[in-house]
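For reference, target_6.cif is printed below; it contains mmCIF, N, CA and C atoms.
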```cif
data_run
loop_
_atom_site.label_atom_id
_atom_site.label_comp_id
_atom_site.auth_asym_id
_atom_site.auth_seq_id
_atom_site.Cartn_x
_atom_site.Cartn_y
_atom_site.Cartn_z
N MET A 84 -25.05 -16.49 -19.31
CA MET A 84 -23.59 -16.33 -19.29
C MET A 84 -23.17 -15.57 -20.54
N SER A 85 -22.51 -14.45 -20.37
CA SER A 85 -22.18 -13.65 -21.53
C SER A 85 -20.93 -14.20 -22.22
N MET A 86 -21.04 -14.38 -23.52
CA MET A 86 -19.90 -14.94 -24.24
C MET A 86 -19.04 -13.87 -24.89
N ASN A 87 -19.28 -12.58 -24.56
CA ASN A 87 -18.34 -11.60 -25.09
C ASN A 87 -17.10 -11.55 -24.22
N ASP A 88 -17.08 -12.35 -23.18
CA ASP A 88 -15.84 -12.51 -22.40
C ASP A 88 -15.60 -14.01 -22.19
N PRO A 89 -15.13 -14.69 -23.25
CA PRO A 89 -14.95 -16.14 -23.18
C PRO A 89 -14.00 -16.57 -22.06
N LEU A 90 -12.96 -15.75 -21.82
CA LEU A 90 -12.01 -16.11 -20.76
C LEU A 90 -12.67 -15.99 -19.39
N GLY A 91 -13.40 -14.89 -19.20
CA GLY A 91 -14.11 -14.72 -17.94
C GLY A 91 -15.10 -15.86 -17.72
N ASP A 92 -15.73 -16.30 -18.80
CA ASP A 92 -16.67 -17.42 -18.74
C ASP A 92 -15.96 -18.68 -18.25
N MET A 93 -14.77 -18.95 -18.80
CA MET A 93 -14.03 -20.15 -18.40
C MET A 93 -13.64 -20.08 -16.92
N LEU A 94 -13.18 -18.90 -16.48
CA LEU A 94 -12.76 -18.75 -15.09
C LEU A 94 -13.95 -18.96 -14.15
N THR A 95 -15.12 -18.45 -14.57
CA THR A 95 -16.33 -18.63 -13.76
C THR A 95 -16.71 -20.10 -13.69
N ARG A 96 -16.58 -20.80 -14.82
CA ARG A 96 -16.89 -22.24 -14.82
C ARG A 96 -15.97 -23.00 -13.87
N ILE A 97 -14.68 -22.62 -13.87
CA ILE A 97 -13.73 -23.28 -12.96
C ILE A 97 -14.13 -23.01 -11.51
N ARG A 98 -14.43 -21.75 -11.22
CA ARG A 98 -14.84 -21.35 -9.87
C ARG A 98 -16.07 -22.14 -9.41
N ASN A 99 -17.09 -22.18 -10.29
CA ASN A 99 -18.34 -22.86 -9.92
C ASN A 99 -18.14 -24.36 -9.73
N ALA A 100 -17.35 -24.97 -10.61
CA ALA A 100 -17.12 -26.42 -10.51
C ALA A 100 -16.40 -26.74 -9.20
N GLN A 101 -15.46 -25.89 -8.84
CA GLN A 101 -14.72 -26.12 -7.59
C GLN A 101 -15.62 -25.99 -6.38
N MET A 102 -16.55 -25.04 -6.43
CA MET A 102 -17.46 -24.88 -5.28
C MET A 102 -18.28 -26.14 -5.09
N ARG A 103 -18.55 -26.83 -6.20
CA ARG A 103 -19.32 -28.07 -6.10
C ARG A 103 -18.42 -29.28 -5.92
N GLY A 104 -17.11 -29.05 -5.86
CA GLY A 104 -16.19 -30.16 -5.64
C GLY A 104 -16.05 -31.09 -6.83
N LYS A 105 -16.33 -30.60 -8.02
CA LYS A 105 -16.23 -31.44 -9.21
C LYS A 105 -14.78 -31.68 -9.59
N SER A 106 -14.51 -32.82 -10.21
CA SER A 106 -13.13 -33.13 -10.58
C SER A 106 -12.78 -32.55 -11.95
N THR A 107 -13.79 -32.33 -12.80
CA THR A 107 -13.51 -31.76 -14.11
C THR A 107 -14.57 -30.72 -14.45
N VAL A 108 -14.24 -29.86 -15.41
CA VAL A 108 -15.19 -28.88 -15.90
C VAL A 108 -14.93 -28.72 -17.40
N VAL A 109 -16.02 -28.52 -18.15
CA VAL A 109 -15.90 -28.41 -19.61
C VAL A 109 -16.10 -26.95 -20.02
N THR A 110 -15.29 -26.49 -20.97
CA THR A 110 -15.40 -25.13 -21.48
C THR A 110 -15.14 -25.17 -22.98
N PRO A 111 -15.79 -24.30 -23.76
CA PRO A 111 -15.48 -24.28 -25.20
C PRO A 111 -14.00 -24.00 -25.42
N ALA A 112 -13.44 -24.60 -26.46
CA ALA A 112 -12.02 -24.45 -26.73
C ALA A 112 -11.73 -23.13 -27.44
N SER A 113 -10.59 -22.54 -27.14
CA SER A 113 -10.08 -21.42 -27.93
C SER A 113 -8.58 -21.33 -27.66
N THR A 114 -7.88 -20.65 -28.54
CA THR A 114 -6.43 -20.53 -28.38
C THR A 114 -6.08 -19.79 -27.10
N LEU A 115 -6.78 -18.66 -26.85
CA LEU A 115 -6.48 -17.89 -25.65
C LEU A 115 -6.71 -18.74 -24.40
N ARG A 116 -7.85 -19.44 -24.37
CA ARG A 116 -8.13 -20.28 -23.20
C ARG A 116 -7.06 -21.34 -23.02
N ALA A 117 -6.61 -21.92 -24.14
CA ALA A 117 -5.56 -22.94 -24.06
C ALA A 117 -4.29 -22.35 -23.46
N ARG A 118 -3.91 -21.15 -23.89
CA ARG A 118 -2.68 -20.54 -23.38
C ARG A 118 -2.79 -20.25 -21.88
N VAL A 119 -3.97 -19.79 -21.45
CA VAL A 119 -4.18 -19.53 -20.02
C VAL A 119 -4.13 -20.84 -19.24
N LEU A 120 -4.74 -21.88 -19.79
CA LEU A 120 -4.70 -23.20 -19.14
C LEU A 120 -3.27 -23.72 -19.06
N ASP A 121 -2.47 -23.44 -20.11
CA ASP A 121 -1.06 -23.86 -20.09
C ASP A 121 -0.33 -23.25 -18.89
N VAL A 122 -0.60 -21.96 -18.62
CA VAL A 122 0.04 -21.29 -17.49
C VAL A 122 -0.48 -21.90 -16.18
N LEU A 123 -1.80 -22.09 -16.08
CA LEU A 123 -2.36 -22.69 -14.86
C LEU A 123 -1.75 -24.07 -14.62
N LEU A 124 -1.52 -24.81 -15.71
CA LEU A 124 -0.93 -26.14 -15.59
C LEU A 124 0.53 -26.05 -15.14
N SER A 125 1.30 -25.18 -15.80
CA SER A 125 2.73 -25.10 -15.45
C SER A 125 2.93 -24.54 -14.05
N GLU A 126 1.97 -23.74 -13.57
CA GLU A 126 2.09 -23.18 -12.23
C GLU A 126 1.46 -24.11 -11.18
N GLY A 127 0.95 -25.25 -11.62
CA GLY A 127 0.43 -26.25 -10.68
C GLY A 127 -0.98 -26.01 -10.17
N TYR A 128 -1.77 -25.19 -10.87
CA TYR A 128 -3.12 -24.89 -10.39
C TYR A 128 -4.18 -25.87 -10.90
N ILE A 129 -3.88 -26.56 -12.01
CA ILE A 129 -4.81 -27.58 -12.51
C ILE A 129 -4.02 -28.85 -12.81
N ARG A 130 -4.73 -29.98 -12.90
CA ARG A 130 -4.07 -31.25 -13.23
C ARG A 130 -3.74 -31.35 -14.70
N GLY A 131 -4.58 -30.71 -15.52
CA GLY A 131 -4.36 -30.79 -16.96
C GLY A 131 -5.63 -30.47 -17.69
N TYR A 132 -5.59 -30.58 -19.01
CA TYR A 132 -6.81 -30.40 -19.78
C TYR A 132 -6.68 -31.17 -21.08
N GLU A 133 -7.83 -31.57 -21.63
CA GLU A 133 -7.85 -32.31 -22.88
C GLU A 133 -8.82 -31.65 -23.83
N LYS A 134 -8.48 -31.67 -25.10
CA LYS A 134 -9.38 -31.10 -26.10
C LYS A 134 -10.19 -32.23 -26.73
N ALA A 135 -11.48 -32.00 -26.90
CA ALA A 135 -12.34 -32.95 -27.60
C ALA A 135 -13.03 -32.22 -28.73
N GLU A 136 -13.26 -32.94 -29.82
CA GLU A 136 -13.97 -32.33 -30.95
C GLU A 136 -15.45 -32.23 -30.61
N THR A 137 -16.10 -31.21 -31.13
CA THR A 137 -17.55 -31.09 -30.96
C THR A 137 -18.16 -30.91 -32.34
N ALA A 138 -19.47 -31.03 -32.41
CA ALA A 138 -20.18 -30.93 -33.69
C ALA A 138 -19.91 -29.60 -34.37
N ASN A 139 -19.77 -28.53 -33.58
CA ASN A 139 -19.64 -27.20 -34.19
C ASN A 139 -18.19 -26.82 -34.52
N LYS A 140 -17.28 -27.79 -34.57
CA LYS A 140 -15.88 -27.55 -34.94
C LYS A 140 -15.06 -26.81 -33.88
N GLN A 141 -15.72 -26.05 -32.99
CA GLN A 141 -14.94 -25.27 -32.04
C GLN A 141 -14.17 -26.19 -31.10
N GLY A 142 -14.80 -27.29 -30.73
CA GLY A 142 -14.17 -28.20 -29.80
C GLY A 142 -14.36 -27.71 -28.38
N GLU A 143 -14.01 -28.55 -27.44
CA GLU A 143 -14.12 -28.13 -26.05
C GLU A 143 -12.97 -28.71 -25.24
N PHE A 144 -12.67 -28.04 -24.14
CA PHE A 144 -11.64 -28.51 -23.23
C PHE A 144 -12.31 -29.12 -22.02
N THR A 145 -11.81 -30.26 -21.59
CA THR A 145 -12.19 -30.80 -20.29
C THR A 145 -11.01 -30.53 -19.37
N ILE A 146 -11.24 -29.68 -18.37
CA ILE A 146 -10.18 -29.26 -17.46
C ILE A 146 -10.24 -30.13 -16.21
N SER A 147 -9.11 -30.74 -15.85
CA SER A 147 -9.05 -31.52 -14.62
C SER A 147 -8.62 -30.63 -13.47
N LEU A 148 -9.53 -30.43 -12.54
CA LEU A 148 -9.26 -29.53 -11.42
C LEU A 148 -8.40 -30.23 -10.37
N LYS A 149 -7.72 -29.43 -9.59
CA LYS A 149 -6.78 -29.96 -8.62
C LYS A 149 -7.21 -29.60 -7.21
N TYR A 150 -7.18 -30.58 -6.33
CA TYR A 150 -7.54 -30.35 -4.93
C TYR A 150 -6.39 -30.81 -4.06
N TYR A 151 -6.25 -30.18 -2.92
CA TYR A 151 -5.23 -30.59 -1.97
C TYR A 151 -5.92 -30.75 -0.63
N GLU A 152 -5.89 -31.96 -0.10
CA GLU A 152 -6.58 -32.26 1.16
C GLU A 152 -8.03 -31.79 1.10
N GLY A 153 -8.66 -32.04 -0.04
CA GLY A 153 -10.08 -31.73 -0.19
C GLY A 153 -10.40 -30.29 -0.53
N GLU A 154 -9.39 -29.41 -0.51
CA GLU A 154 -9.62 -28.01 -0.83
C GLU A 154 -9.13 -27.72 -2.25
N PRO A 155 -9.86 -26.88 -3.00
CA PRO A 155 -9.37 -26.53 -4.34
C PRO A 155 -8.02 -25.83 -4.25
N VAL A 156 -7.11 -26.18 -5.16
CA VAL A 156 -5.80 -25.53 -5.19
C VAL A 156 -5.97 -24.06 -5.60
N ILE A 157 -6.90 -23.78 -6.51
CA ILE A 157 -7.19 -22.39 -6.88
C ILE A 157 -8.14 -21.84 -5.84
N ARG A 158 -7.63 -20.97 -4.98
CA ARG A 158 -8.49 -20.39 -3.95
C ARG A 158 -9.25 -19.19 -4.46
N GLU A 159 -8.61 -18.49 -5.40
CA GLU A 159 -9.23 -17.27 -5.89
C GLU A 159 -8.74 -17.01 -7.30
N VAL A 160 -9.66 -16.72 -8.19
CA VAL A 160 -9.26 -16.36 -9.55
C VAL A 160 -10.07 -15.13 -9.94
N LYS A 161 -9.35 -14.07 -10.34
CA LYS A 161 -10.01 -12.81 -10.64
C LYS A 161 -9.67 -12.37 -12.05
N ARG A 162 -10.69 -11.93 -12.77
CA ARG A 162 -10.47 -11.38 -14.10
C ARG A 162 -9.99 -9.95 -13.89
N VAL A 163 -8.88 -9.57 -14.50
CA VAL A 163 -8.38 -8.21 -14.33
C VAL A 163 -8.78 -7.36 -15.53
N SER A 164 -8.26 -7.73 -16.70
CA SER A 164 -8.59 -7.01 -17.92
C SER A 164 -9.92 -7.55 -18.43
N LYS A 165 -10.84 -6.65 -18.76
CA LYS A 165 -12.14 -7.10 -19.25
C LYS A 165 -12.38 -6.50 -20.63
N PRO A 166 -13.30 -7.09 -21.41
CA PRO A 166 -13.54 -6.55 -22.75
C PRO A 166 -13.85 -5.05 -22.71
N GLY A 167 -14.57 -4.60 -21.71
CA GLY A 167 -14.91 -3.18 -21.64
C GLY A 167 -13.84 -2.32 -21.00
N ARG A 168 -12.89 -2.96 -20.36
CA ARG A 168 -11.86 -2.18 -19.64
C ARG A 168 -10.57 -2.98 -19.63
N ARG A 169 -9.82 -2.80 -20.69
CA ARG A 169 -8.56 -3.54 -20.83
C ARG A 169 -7.51 -2.97 -19.88
N VAL A 170 -6.72 -3.85 -19.31
CA VAL A 170 -5.68 -3.42 -18.38
C VAL A 170 -4.33 -3.87 -18.91
N TYR A 171 -3.52 -2.88 -19.29
CA TYR A 171 -2.17 -3.18 -19.79
C TYR A 171 -1.15 -2.64 -18.79
N MET A 172 -0.09 -3.39 -18.60
CA MET A 172 0.97 -2.94 -17.69
C MET A 172 2.33 -3.21 -18.30
N GLY A 173 3.22 -2.26 -18.07
CA GLY A 173 4.60 -2.47 -18.48
C GLY A 173 5.25 -3.49 -17.55
N VAL A 174 6.39 -4.00 -17.95
CA VAL A 174 7.04 -5.06 -17.16
C VAL A 174 7.29 -4.61 -15.72
N SER A 175 7.60 -3.31 -15.53
CA SER A 175 7.91 -2.83 -14.18
C SER A 175 6.66 -2.68 -13.32
N GLU A 176 5.48 -2.64 -13.96
CA GLU A 176 4.25 -2.44 -13.20
C GLU A 176 3.52 -3.74 -12.88
N LEU A 177 3.99 -4.85 -13.44
CA LEU A 177 3.28 -6.12 -13.27
C LEU A 177 3.04 -6.40 -11.79
N PRO A 178 1.82 -6.81 -11.45
CA PRO A 178 1.50 -7.00 -10.03
C PRO A 178 2.17 -8.24 -9.45
N SER A 179 2.44 -8.18 -8.16
CA SER A 179 2.86 -9.38 -7.45
C SER A 179 1.61 -9.84 -6.69
N VAL A 180 1.16 -11.05 -6.96
CA VAL A 180 -0.09 -11.53 -6.38
C VAL A 180 0.21 -12.23 -5.06
N ARG A 181 -0.38 -11.72 -4.00
CA ARG A 181 -0.18 -12.29 -2.66
C ARG A 181 1.31 -12.51 -2.36
N ASN A 182 2.07 -11.46 -2.55
CA ASN A 182 3.52 -11.53 -2.30
C ASN A 182 4.20 -12.67 -3.04
N GLY A 183 3.75 -12.91 -4.27
CA GLY A 183 4.39 -13.95 -5.06
C GLY A 183 3.82 -15.34 -4.83
N LEU A 184 2.88 -15.48 -3.89
CA LEU A 184 2.27 -16.80 -3.68
C LEU A 184 1.28 -17.11 -4.79
N GLY A 185 0.71 -16.04 -5.37
CA GLY A 185 -0.22 -16.23 -6.47
C GLY A 185 0.46 -15.87 -7.77
N VAL A 186 -0.29 -15.87 -8.84
CA VAL A 186 0.29 -15.59 -10.15
C VAL A 186 -0.66 -14.70 -10.94
N ALA A 187 -0.07 -13.74 -11.66
CA ALA A 187 -0.85 -12.96 -12.62
C ALA A 187 -0.58 -13.57 -13.98
N ILE A 188 -1.61 -13.73 -14.79
CA ILE A 188 -1.44 -14.28 -16.13
C ILE A 188 -1.54 -13.12 -17.11
N VAL A 189 -0.47 -12.96 -17.91
CA VAL A 189 -0.31 -11.78 -18.75
C VAL A 189 -0.19 -12.19 -20.21
N SER A 190 -0.97 -11.52 -21.08
CA SER A 190 -0.84 -11.75 -22.51
C SER A 190 0.20 -10.77 -23.04
N THR A 191 1.35 -11.28 -23.45
CA THR A 191 2.47 -10.43 -23.88
C THR A 191 2.79 -10.69 -25.35
N PRO A 192 3.67 -9.87 -25.93
CA PRO A 192 4.11 -10.14 -27.31
C PRO A 192 4.83 -11.50 -27.41
N LYS A 193 5.29 -12.04 -26.29
CA LYS A 193 5.98 -13.34 -26.33
C LYS A 193 5.06 -14.47 -25.89
N GLY A 194 3.76 -14.21 -25.91
CA GLY A 194 2.81 -15.26 -25.54
C GLY A 194 2.16 -14.98 -24.20
N VAL A 195 1.30 -15.89 -23.78
CA VAL A 195 0.62 -15.75 -22.50
C VAL A 195 1.53 -16.34 -21.42
N LEU A 196 1.93 -15.49 -20.48
CA LEU A 196 2.95 -15.87 -19.50
C LEU A 196 2.48 -15.58 -18.08
N SER A 197 3.12 -16.26 -17.13
CA SER A 197 2.93 -15.87 -15.72
C SER A 197 3.68 -14.57 -15.51
N ASP A 198 3.33 -13.83 -14.45
CA ASP A 198 4.01 -12.55 -14.21
C ASP A 198 5.52 -12.77 -14.04
N ALA A 199 5.91 -13.86 -13.41
CA ALA A 199 7.34 -14.12 -13.21
C ALA A 199 8.04 -14.33 -14.55
N ASN A 200 7.42 -15.12 -15.43
CA ASN A 200 8.03 -15.36 -16.74
C ASN A 200 8.02 -14.11 -17.61
N ALA A 201 6.99 -13.28 -17.46
CA ALA A 201 6.95 -12.03 -18.22
C ALA A 201 8.09 -11.12 -17.76
N ARG A 202 8.32 -11.07 -16.43
CA ARG A 202 9.44 -10.26 -15.92
C ARG A 202 10.75 -10.81 -16.45
N ALA A 203 10.90 -12.13 -16.43
CA ALA A 203 12.14 -12.75 -16.90
C ALA A 203 12.36 -12.43 -18.38
N ALA A 204 11.28 -12.40 -19.15
CA ALA A 204 11.38 -12.10 -20.59
C ALA A 204 11.39 -10.60 -20.84
N ASN A 205 11.26 -9.82 -19.76
CA ASN A 205 11.26 -8.36 -19.83
C ASN A 205 10.15 -7.81 -20.73
N VAL A 206 8.95 -8.40 -20.62
CA VAL A 206 7.82 -7.90 -21.39
C VAL A 206 6.63 -7.64 -20.48
N GLY A 207 5.86 -6.63 -20.83
CA GLY A 207 4.59 -6.38 -20.18
C GLY A 207 3.49 -6.81 -21.10
N GLY A 208 2.26 -6.43 -20.78
CA GLY A 208 1.17 -6.79 -21.66
C GLY A 208 -0.15 -6.64 -20.96
N GLU A 209 -1.15 -7.37 -21.48
CA GLU A 209 -2.48 -7.29 -20.90
C GLU A 209 -2.60 -8.26 -19.75
N VAL A 210 -2.94 -7.74 -18.57
CA VAL A 210 -3.07 -8.61 -17.39
C VAL A 210 -4.45 -9.25 -17.44
N LEU A 211 -4.49 -10.53 -17.82
CA LEU A 211 -5.76 -11.22 -18.04
C LEU A 211 -6.46 -11.54 -16.72
N CYS A 212 -5.70 -12.12 -15.78
CA CYS A 212 -6.33 -12.50 -14.52
C CYS A 212 -5.25 -12.76 -13.47
N THR A 213 -5.69 -12.86 -12.23
CA THR A 213 -4.79 -13.25 -11.15
C THR A 213 -5.35 -14.52 -10.51
N VAL A 214 -4.44 -15.37 -10.09
CA VAL A 214 -4.83 -16.64 -9.49
C VAL A 214 -4.07 -16.79 -8.18
N PHE A 215 -4.78 -17.30 -7.20
CA PHE A 215 -4.14 -17.51 -5.90
C PHE A 215 -4.69 -18.79 -5.30
#
```

Would you mind writing the file out in structure tokens?
Amino acid sequence: MSMNDPLGDMLTRIRNAQMRGKSTVVTPASTLRARVLDVLLSEGYIRGYEKAETANKQGEFTISLKYYEGEPVIREVKRVSKPGRRVYMGVSELPSVRNGLGVAIVSTPKGVLSDANARAANVGGEVLCTVF
């Protein structure tokens, strides 16, 4: 697992854990990951997450995954901007994911926001991933 894309790593861990029907998944902690998890939480895609200390000071997050009638609430999560190919969009270009049923998570000057909140704040930024 390549760690030059820590966010992509976390999204893959979530995807894999859901395929196995796990209720939680652990990922190393970081500020960016926390901000993305905050958006997933506020948009109702995960139950929550908790930070635990680890020996190496970095700490880790235990993410509580969410299922509805046995199916994962996150049906699809795609990394958009990658370390080798960053994707930036102005507020007017922000994607609508599945006609607004999904959410794009955007790193903006006003923080990591859902596409709807970025539009409301009139900011664009780096499109980190889309969730549906």

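Considering the residues A:Gly208, A:Gly104, A:Gly185, A:Gly194 and counting only N, CA and C atoms, A:Val170 has its shortest atom-to-atom contact with A:Gly208.
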
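With only N, CA and C atoms as the atoms that count, the residue of A:Lys193, A:Glu159, A:Ser106, A:Asn200 with the shortest distance to A:Val214 is A:Glu159.
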
Exercise. Translate the PyMOL selection byres ((chain A and resi 174) around 7), as applied to the file shown, into an explicit residue set as a PyMOL selection string.
Key: chain A and resi 172-173+175-177+201-202+205-208

Practice problem: Please provide as a ChimeraX atom specification all residues within 10 Å of A:Val210, with the sequence filter that same-chain residues fewer than 4 positions apart are discarded (counting only C-alpha atoms). | Solution: /A:162-165,169-173,177-178,187-191,195-198

Write the selection just made, keeping N, CA and C atoms, as a JSON list (two decimals), in the coordinates of the input?
```json
[["chain", "number", "residue", "atom", "x", "y", "z"],
["A", 162, "ARG", "N", -10.69, -11.93, -12.77],
["A", 162, "ARG", "CA", -10.47, -11.38, -14.10],
["A", 162, "ARG", "C", -9.99, -9.95, -13.89],
["A", 163, "VAL", "N", -8.88, -9.57, -14.50],
["A", 163, "VAL", "CA", -8.38, -8.21, -14.33],
["A", 163, "VAL", "C", -8.78, -7.36, -15.53],
["A", 164, "SER", "N", -8.26, -7.73, -16.70],
["A", 164, "SER", "CA", -8.59, -7.01, -17.92],
["A", 164, "SER", "C", -9.92, -7.55, -18.43],
["A", 165, "LYS", "N", -10.84, -6.65, -18.76],
["A", 165, "LYS", "CA", -12.14, -7.10, -19.25],
["A", 165, "LYS", "C", -12.38, -6.50, -20.63],
["A", 169, "ARG", "N", -9.82, -2.80, -20.69],
["A", 169, "ARG", "CA", -8.56, -3.54, -20.83],
["A", 169, "ARG", "C", -7.51, -2.97, -19.88],
["A", 170, "VAL", "N", -6.72, -3.85, -19.31],
["A", 170, "VAL", "CA", -5.68, -3.42, -18.38],
["A", 170, "VAL", "C", -4.33, -3.87, -18.91],
["A", 171, "TYR", "N", -3.52, -2.88, -19.29],
["A", 171, "TYR", "CA", -2.17, -3.18, -19.79],
["A", 171, "TYR", "C", -1.15, -2.64, -18.79],
["A", 172, "MET", "N", -0.09, -3.39, -18.60],
["A", 172, "MET", "CA", 0.97, -2.94, -17.69],
["A", 172, "MET", "C", 2.33, -3.21, -18.30],
["A", 173, "GLY", "N", 3.22, -2.26, -18.07],
["A", 173, "GLY", "CA", 4.60, -2.47, -18.48],
["A", 173, "GLY", "C", 5.25, -3.49, -17.55],
["A", 177, "LEU", "N", 3.99, -4.85, -13.44],
["A", 177, "LEU", "CA", 3.28, -6.12, -13.27],
["A", 177, "LEU", "C", 3.04, -6.40, -11.79],
["A", 178, "PRO", "N", 1.82, -6.81, -11.45],
["A", 178, "PRO", "CA", 1.50, -7.00, -10.03],
["A", 178, "PRO", "C", 2.17, -8.24, -9.45],
["A", 187, "ALA", "N", -0.07, -13.74, -11.66],
["A", 187, "ALA", "CA", -0.85, -12.96, -12.62],
["A", 187, "ALA", "C", -0.58, -13.57, -13.98],
["A", 188, "ILE", "N", -1.61, -13.73, -14.79],
["A", 188, "ILE", "CA", -1.44, -14.28, -16.13],
["A", 188, "ILE", "C", -1.54, -13.12, -17.11],
["A", 189, "VAL", "N", -0.47, -12.96, -17.91],
["A", 189, "VAL", "CA", -0.31, -11.78, -18.75],
["A", 189, "VAL", "C", -0.19, -12.19, -20.21],
["A", 190, "SER", "N", -0.97, -11.52, -21.08],
["A", 190, "SER", "CA", -0.84, -11.75, -22.51],
["A", 190, "SER", "C", 0.20, -10.77, -23.04],
["A", 191, "THR", "N", 1.35, -11.28, -23.45],
["A", 191, "THR", "CA", 2.47, -10.43, -23.88],
["A", 191, "THR", "C", 2.79, -10.69, -25.35],
["A", 195, "VAL", "N", 1.30, -15.89, -23.78],
["A", 195, "VAL", "CA", 0.62, -15.75, -22.50],
["A", 195, "VAL", "C", 1.53, -16.34, -21.42],
["A", 196, "LEU", "N", 1.93, -15.49, -20.48],
["A", 196, "LEU", "CA", 2.95, -15.87, -19.50],
["A", 196, "LEU", "C", 2.48, -15.58, -18.08],
["A", 197, "SER", "N", 3.12, -16.26, -17.13],
["A", 197, "SER", "CA", 2.93, -15.87, -15.72],
["A", 197, "SER", "C", 3.68, -14.57, -15.51],
["A", 198, "ASP", "N", 3.33, -13.83, -14.45],
["A", 198, "ASP", "CA", 4.01, -12.55, -14.21],
["A", 198, "ASP", "C", 5.52, -12.77, -14.04]]
```

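Relative to atom CA of A:Ile129, atom CA of A:Ile146 is found at 7.5 Å.
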
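Between atom CA of A:Arg130 and atom CA of A:Ser147 the separation is 5.2 Å.
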
Practice problem: Starting from the displayed file, determine the output of the PyMOL selection byres ((chain A and resi 107) around 8) and express the residue list as a list in words. | Solution: Arg96, Ile97, Ala100, Gln101, Gly104, Lys105, Ser106, Val108, Val109, Thr110, Thr145, Ile146, Ser147, Leu148 and Lys149 of chain A

Please produce, as JSON lines, a per-residue contact table for stretch 139-159 of chain A versus stretch 111-121 of chain A (criterion: any atom at most 8 Å away, only N, CA and C atoms considered), showing the nearest atom pair and its distance in Å to one decimal, sorted by chain then residue number.
```
{"residue": "A:Lys140", "atom": "C", "partner": "A:Ala112", "partner_atom": "N", "distance": 7.9}
{"residue": "A:Gln141", "atom": "C", "partner": "A:Ala112", "partner_atom": "N", "distance": 5.0}
{"residue": "A:Gly142", "atom": "C", "partner": "A:Ala112", "partner_atom": "N", "distance": 3.8}
{"residue": "A:Glu143", "atom": "CA", "partner": "A:Ala112", "partner_atom": "N", "distance": 3.6}
{"residue": "A:Phe144", "atom": "N", "partner": "A:Ala112", "partner_atom": "N", "distance": 4.2}
{"residue": "A:Thr145", "atom": "N", "partner": "A:Pro111", "partner_atom": "N", "distance": 7.5}
```

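Residues of stretch 150-204 of chain A that DSSP, applied to the backbone, places in strand (DSSP E or B): Tyr150, Tyr151, Glu154, Pro155, Val160, Lys161, Arg162, Lys165, Arg168, Tyr171, Met172, Val186, Ala187, Ile188, Val189, Ser190, Thr191, Gly194, Val195, Leu196 and Ser197 of chain A.
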
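Rounded to one decimal, atom CA of A:Thr95 and atom CA of A:Arg158 lie 12.7 Å from each other.
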
Please give the centre and size of the box around stretch 91-106 of chain A (axis-aligned, containing every atom listed in the file, 6 Å added per side), with values in Å to one decimal and written as AutoDock Vina command-line options.
```
--center_x -16.0 --center_y -23.9 --center_z -12.1 --size_x 18.6 --size_y 30.4 --size_z 26.1
```

Practice problem: Write down as a PyMOL selection string the residues belonging to chain A that are assigned helix (DSSP H, G or I) by DSSP computed on the backbone. | Solution: chain A and resi 89-102+114-125+174-176+180-183+198-203
